[in-house]
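Beneath this line is the structure, given in structure tokens, with notes to follow.
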Protein chains: 2
Amino acid sequence: MSSPRERILEQASILFHHQGYNSTGINQIISEANVAKASFYQHFKSKDDLCVEFLNRRHQYWFDALSDFTSKTENPKERILSAFDFIIHMNDRENFRGCSFLNILSEISKEQESILRVIQSHKNDLRVFFRQLVNNELLATHIYLLFESAIIESQLFESNEIVDKSKSIVKNII
Amino acid sequence: MSSPRERILEQASILFHHQGYNSTGINQIISEANVAKASFYQHFKSKDDLCVEFLNRRHQYWFDALSDFTSKTENPKERILSAFDFIIHMNDRENFRGCSFLNILSEISKEQESILRVIQSHKNDLRVFFRQLVNNELLATHIYLLFESAIIESQLFESNEIVDKSKSIVKNII
DNA sequence: AATTAAATAGACAGACTTGTCTGTATTATT
DNA sequence: AATAATACAGACAAGTCTGTCTATTTAATT
């Protein structure tokens with residue numbers, strides 16, 4: 001069995017992503033991770049601290065998965081379009097739970113700056129991802145915005161229909 | 001002074017919008033609305049029930065404000081562009097708190113269906129709003145998606161820069 | 001084998017949550 | 001003026017929350 005710290009992060013990933021941040025308590029996390037509470041506070045100084053760590057991990061995991069998924073083709077335009085297939089892929093895997101970063105954004109207050117910064121930097125990286133594929137500032141932003149709303153709208157309506165629509169819109173503008 | 005029910009809804013609007021749904025308790029609402037707890041439960045059978053009522057009100061308020069704001073011009077294309085100015089207007093008024101509907105979407109679970117339905121129907125209406133202005137299904141969706149992400153990204157970065165960018169993107173596609 | 005480090009269980013504090021309840025006071029209607 | 005409806009204050013239940021603490025056990029290192 002993996003280390004307590006690892007088990008905490010694993011369970012937090014599952015629970016934060018499926019139930020939301022505020023609706024998931026430390027007690028549930030440690031109980032399902034089979035870790036004592038004192039051990040939890042040995043590794044994380046607060047719940048917000050765990051949240052930051054979770055988001056950092058999620059960032060790594062998500063970008064690795066995106067890179068993997070989109071690098072099946074060499075053509076930059078094909079890669080952009082496959083990024084939208086990646087949304088569908090993730091929706092299937094995660095039951096339309098949307099973007100962890102945007103979900104948590106809606107839950108935090110202005111005081112939780114350290115969490116906000118991780119979210120901002122994640123989205124910045126996503127924007128850079130598209131910019132590297134189109135080499136045109138405004139077009140990259142355009143695609144980025146459509147990508148973002150494709151995630152959210154598919155979460156809202158629990159359907160990939162809008163992702164396909166976004167994809168064909170993008171096909172027309174690149 | 002207005003009725004207890006009215007005062008509850010007023011305070012709930014302010015608090016849900018500024019602190020989020022899960023972070024706002026019944027006790028705070030009734031305390032700031034100067035209403036007894038028994039009175040609260042005479043008008044609303046649960047917190048979720050209040051949430052539905054709040055969203056219905058917000059829907060009305062928000063659409064009235066949008067209609068008002070965009071109807072200063074007759075030209076449909078001008079109206080679409082002014083809808084993006086409306087985002088800036090609301091961001092200024094509400095300190096980049098984003099969309100109440102999408103914020104609450106991130107906070108609820110799959111069980112809270114009545115809340116989800118109100119959110120879905122609000123967004124459907126927004127889509128119809130654009131479709132009435134462009135009379136082209138795919139283009140309307142395109143604008144709708146850019147509008148949605150303009151709200152979210154300006155919330156995330158607490159800046160209207162991305163709204164202006166969205167606006168110029170829309171200018172080029174209509 | 002002895003020492004140090006890490007993990008355990010779980011009690012506890014203090015504050016919060018939603019929702020129910022009792023009893024009283026105010027207001028509106030007949 | 002008497003009745004009925006509404007609102008009031010606030011205790012209470014039963015649970016949640018984060019975070020601290022003690023005391024014990026397991027594991028790793030010297």
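Chain identifiers are assigned as A, B, and so on, following the order in which chains appear in the structure tokens; residues are numbered from 1 within each chain, and ligands are numbered from 1 in order of appearance.
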Once you count only C-alpha atoms (C1' of nucleotides), what closest atom pair and distance in Å to one decimal does each residue of chain B within 12 Å of chain D have, with rows by chain and rising residue number, as a tab-separated table?
```
residue	atom	partner	partner_atom	distance
B:Ser3	CA	D:DA7	C1'	10.0
B:Pro4	CA	D:DA7	C1'	8.3
B:Arg5	CA	D:DA7	C1'	11.0
B:Ser23	CA	D:DC17	C1'	11.8
B:Ser31	CA	D:DA9	C1'	11.7
B:Asn34	CA	D:DC8	C1'	10.1
B:Val35	CA	D:DC8	C1'	8.1
B:Ala36	CA	D:DC8	C1'	6.2
B:Lys37	CA	D:DA9	C1'	9.0
B:Ala38	CA	D:DA7	C1'	8.4
B:Ser39	CA	D:DA7	C1'	6.4
B:Phe40	CA	D:DA7	C1'	9.9
B:Tyr41	CA	D:DA7	C1'	11.7
B:Gln42	CA	D:DT6	C1'	9.6
B:His43	CA	D:DT6	C1'	11.1
```
Open item on the list: Using only C-alpha atoms (C1' of nucleotides) and a cut-off of 8 Å, which residues of chain C sit close to chain A? Please list them as an MDAnalysis selection string.
Closed with: chainID C and resid 7:9
Task: Contacts of Asp85 (chain B) at 9 Å (only C-alpha atoms (C1' of nucleotides); same-chain gap of 6+ positions) as JSON, numbers by chain - done: {"B": [69, 70, 163, 164, 167]}
Hey, list the chain B side of the contact with chain A: 6 Å cut-off, only C-alpha atoms, answer as an mmCIF file with N, CA, C and O atoms, in the first residue's frame.
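out-v3.cif written:
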```
data_model
loop_
_atom_site.group_PDB
_atom_site.id
_atom_site.type_symbol
_atom_site.label_atom_id
_atom_site.label_comp_id
_atom_site.auth_asym_id
_atom_site.auth_seq_id
_atom_site.Cartn_x
_atom_site.Cartn_y
_atom_site.Cartn_z
ATOM 1 N N ASN B 103 -21.827 29.315 -11.033
ATOM 2 C CA ASN B 103 -21.202 29.142 -9.726
ATOM 3 C C ASN B 103 -21.930 28.070 -8.918
ATOM 4 O O ASN B 103 -21.302 27.201 -8.310
ATOM 5 N N SER B 106 -21.416 24.458 -9.981
ATOM 6 C CA SER B 106 -20.197 23.814 -9.467
ATOM 7 C C SER B 106 -20.355 23.320 -8.041
ATOM 8 O O SER B 106 -19.559 22.525 -7.564
ATOM 9 N N LEU B 145 -21.239 30.588 -26.836
ATOM 10 C CA LEU B 145 -20.071 29.973 -26.185
ATOM 11 C C LEU B 145 -19.020 31.009 -25.820
ATOM 12 O O LEU B 145 -18.420 30.961 -24.737
ATOM 13 N N SER B 149 -17.752 31.974 -21.937
ATOM 14 C CA SER B 149 -16.368 31.950 -21.457
ATOM 15 C C SER B 149 -15.874 33.348 -21.117
ATOM 16 O O SER B 149 -15.030 33.503 -20.228
#
```
Open item on the list: Can you pull out every residue from region 34-169 of chain A that DSSP, working from the backbone, puts in helix (DSSP H, G or I), and format the result as an MDAnalysis selection string?
Closed with: chainID A and resid 37:43 47:70 76:94 100:107 113:134 137:157 161:169
Task: d(CA of Phe84 (chain A), CA of Glu137 (chain B)) in Å - done: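 Separation between CA of Phe84 (chain A) and CA of Glu137 (chain B): 20.1 Å.
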- [ ] Could you please determine the separation between CA of Asn160 (chain A) and CA of Ile87 (chain A) in Å, to one decimal place?
- [x]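 Spanning CA of Asn160 (chain A) to CA of Ile87 (chain A) is a straight-line distance of 8.4 Å.
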- [ ] Record the distance separating CA of Leu81 (chain A) and CA of Lys171 (chain A), expressed in Å with one decimal.
- [x]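 Going from CA of Leu81 (chain A) over to CA of Lys171 (chain A) covers 7.1 Å.
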Open item on the list: Excluding region 131-136 of chain B and its own-chain neighbours fewer than 5 positions away, which residues fall within 8 Å of it when counting only C-alpha atoms (C1' of nucleotides)? Please give them as a list in words.
Closed with: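 Everything that qualifies: Pro76, Lys77, Arg79, Ile80 and Thr141 of chain B.
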For Arg57 (chain B), find every residue with an atom within 10 Å (counting only C-alpha atoms (C1' of nucleotides)), except residues of its own chain fewer than 4 positions away, and show them as a PDB file with all heavy atoms, in the first residue's frame.
```pdb
ATOM      1  N   LEU B   9     -35.291  36.839   0.546  1.00  0.00           N
ATOM      2  CA  LEU B   9     -34.810  36.708  -0.836  1.00  0.00           C
ATOM      3  C   LEU B   9     -33.760  37.760  -1.184  1.00  0.00           C
ATOM      4  O   LEU B   9     -32.801  37.481  -1.907  1.00  0.00           O
ATOM      5  CB  LEU B   9     -35.996  36.781  -1.806  1.00  0.00           C
ATOM      6  CG  LEU B   9     -36.798  35.488  -1.917  1.00  0.00           C
ATOM      7  CD1 LEU B   9     -38.147  35.721  -2.558  1.00  0.00           C
ATOM      8  CD2 LEU B   9     -36.018  34.428  -2.700  1.00  0.00           C
ATOM      9  N   GLU B  10     -33.952  38.947  -0.642  1.00  0.00           N
ATOM     10  CA  GLU B  10     -32.968  40.010  -0.884  1.00  0.00           C
ATOM     11  C   GLU B  10     -31.603  39.650  -0.316  1.00  0.00           C
ATOM     12  O   GLU B  10     -30.581  39.746  -0.991  1.00  0.00           O
ATOM     13  CB  GLU B  10     -33.438  41.326  -0.231  1.00  0.00           C
ATOM     14  CG  GLU B  10     -34.158  42.266  -1.182  1.00  0.00           C
ATOM     15  CD  GLU B  10     -34.885  43.374  -0.432  1.00  0.00           C
ATOM     16  OE1 GLU B  10     -34.281  43.963   0.493  1.00  0.00           O
ATOM     17  OE2 GLU B  10     -36.075  43.636  -0.747  1.00  0.00           O
ATOM     18  N   SER B  13     -29.971  36.700  -2.053  1.00  0.00           N
ATOM     19  CA  SER B  13     -29.386  37.119  -3.326  1.00  0.00           C
ATOM     20  C   SER B  13     -27.989  37.662  -3.119  1.00  0.00           C
ATOM     21  O   SER B  13     -27.036  37.268  -3.802  1.00  0.00           O
ATOM     22  CB  SER B  13     -30.252  38.204  -3.971  1.00  0.00           C
ATOM     23  OG  SER B  13     -31.480  37.667  -4.381  1.00  0.00           O
ATOM     24  N   CYS B  51     -33.004  28.307  -2.793  1.00  0.00           N
ATOM     25  CA  CYS B  51     -32.050  28.438  -3.897  1.00  0.00           C
ATOM     26  C   CYS B  51     -32.777  28.518  -5.230  1.00  0.00           C
ATOM     27  O   CYS B  51     -32.462  29.362  -6.068  1.00  0.00           O
ATOM     28  CB  CYS B  51     -31.082  27.259  -3.876  1.00  0.00           C
ATOM     29  SG  CYS B  51     -29.791  27.362  -5.122  1.00  0.00           S
ATOM     30  N   VAL B  52     -33.744  27.644  -5.419  1.00  0.00           N
ATOM     31  CA  VAL B  52     -34.531  27.649  -6.658  1.00  0.00           C
ATOM     32  C   VAL B  52     -35.230  29.000  -6.830  1.00  0.00           C
ATOM     33  O   VAL B  52     -35.199  29.600  -7.908  1.00  0.00           O
ATOM     34  CB  VAL B  52     -35.567  26.502  -6.653  1.00  0.00           C
ATOM     35  CG1 VAL B  52     -36.576  26.669  -7.774  1.00  0.00           C
ATOM     36  CG2 VAL B  52     -34.868  25.155  -6.786  1.00  0.00           C
ATOM     37  N   GLU B  53     -35.833  29.475  -5.758  1.00  0.00           N
ATOM     38  CA  GLU B  53     -36.507  30.770  -5.803  1.00  0.00           C
ATOM     39  C   GLU B  53     -35.530  31.897  -6.118  1.00  0.00           C
ATOM     40  O   GLU B  53     -35.823  32.807  -6.910  1.00  0.00           O
ATOM     41  CB  GLU B  53     -37.196  31.052  -4.459  1.00  0.00           C
ATOM     42  CG  GLU B  53     -38.649  30.708  -4.453  1.00  0.00           C
ATOM     43  CD  GLU B  53     -39.415  31.458  -5.544  1.00  0.00           C
ATOM     44  OE1 GLU B  53     -39.579  32.694  -5.448  1.00  0.00           O
ATOM     45  OE2 GLU B  53     -39.826  30.774  -6.511  1.00  0.00           O
ATOM     46  N   TYR B  61     -34.239  39.128 -13.056  1.00  0.00           N
ATOM     47  CA  TYR B  61     -33.459  40.346 -12.882  1.00  0.00           C
ATOM     48  C   TYR B  61     -32.391  40.502 -13.952  1.00  0.00           C
ATOM     49  O   TYR B  61     -32.249  41.546 -14.576  1.00  0.00           O
ATOM     50  CB  TYR B  61     -32.819  40.350 -11.490  1.00  0.00           C
ATOM     51  CG  TYR B  61     -31.751  41.386 -11.293  1.00  0.00           C
ATOM     52  CD1 TYR B  61     -32.075  42.721 -11.032  1.00  0.00           C
ATOM     53  CD2 TYR B  61     -30.401  41.038 -11.376  1.00  0.00           C
ATOM     54  CE1 TYR B  61     -31.086  43.684 -10.858  1.00  0.00           C
ATOM     55  CE2 TYR B  61     -29.406  41.995 -11.202  1.00  0.00           C
ATOM     56  CZ  TYR B  61     -29.746  43.307 -10.947  1.00  0.00           C
ATOM     57  OH  TYR B  61     -28.761  44.249 -10.780  1.00  0.00           O
ATOM     58  N   TRP B  62     -31.671  39.397 -14.158  1.00  0.00           N
ATOM     59  CA  TRP B  62     -30.534  39.441 -15.075  1.00  0.00           C
ATOM     60  C   TRP B  62     -30.981  39.656 -16.511  1.00  0.00           C
ATOM     61  O   TRP B  62     -30.417  40.468 -17.241  1.00  0.00           O
ATOM     62  CB  TRP B  62     -29.731  38.139 -14.948  1.00  0.00           C
ATOM     63  CG  TRP B  62     -28.392  38.173 -15.630  1.00  0.00           C
ATOM     64  CD1 TRP B  62     -27.201  38.581 -15.105  1.00  0.00           C
ATOM     65  CD2 TRP B  62     -28.103  37.770 -16.978  1.00  0.00           C
ATOM     66  NE1 TRP B  62     -26.195  38.463 -16.026  1.00  0.00           N
ATOM     67  CE2 TRP B  62     -26.720  37.960 -17.183  1.00  0.00           C
ATOM     68  CE3 TRP B  62     -28.877  37.266 -18.023  1.00  0.00           C
ATOM     69  CZ2 TRP B  62     -26.081  37.669 -18.399  1.00  0.00           C
ATOM     70  CZ3 TRP B  62     -28.246  36.982 -19.231  1.00  0.00           C
ATOM     71  CH2 TRP B  62     -26.869  37.182 -19.407  1.00  0.00           C
ATOM     72  N   PHE B  63     -32.036  38.970 -16.917  1.00  0.00           N
ATOM     73  CA  PHE B  63     -32.515  39.116 -18.285  1.00  0.00           C
ATOM     74  C   PHE B  63     -33.141  40.486 -18.534  1.00  0.00           C
ATOM     75  O   PHE B  63     -32.983  41.059 -19.620  1.00  0.00           O
ATOM     76  CB  PHE B  63     -33.490  37.994 -18.656  1.00  0.00           C
ATOM     77  CG  PHE B  63     -32.850  36.934 -19.487  1.00  0.00           C
ATOM     78  CD1 PHE B  63     -32.305  35.816 -18.888  1.00  0.00           C
ATOM     79  CD2 PHE B  63     -32.738  37.077 -20.863  1.00  0.00           C
ATOM     80  CE1 PHE B  63     -31.688  34.837 -19.655  1.00  0.00           C
ATOM     81  CE2 PHE B  63     -32.124  36.112 -21.641  1.00  0.00           C
ATOM     82  CZ  PHE B  63     -31.594  34.983 -21.025  1.00  0.00           C
TER      83      PHE B  63
END
```
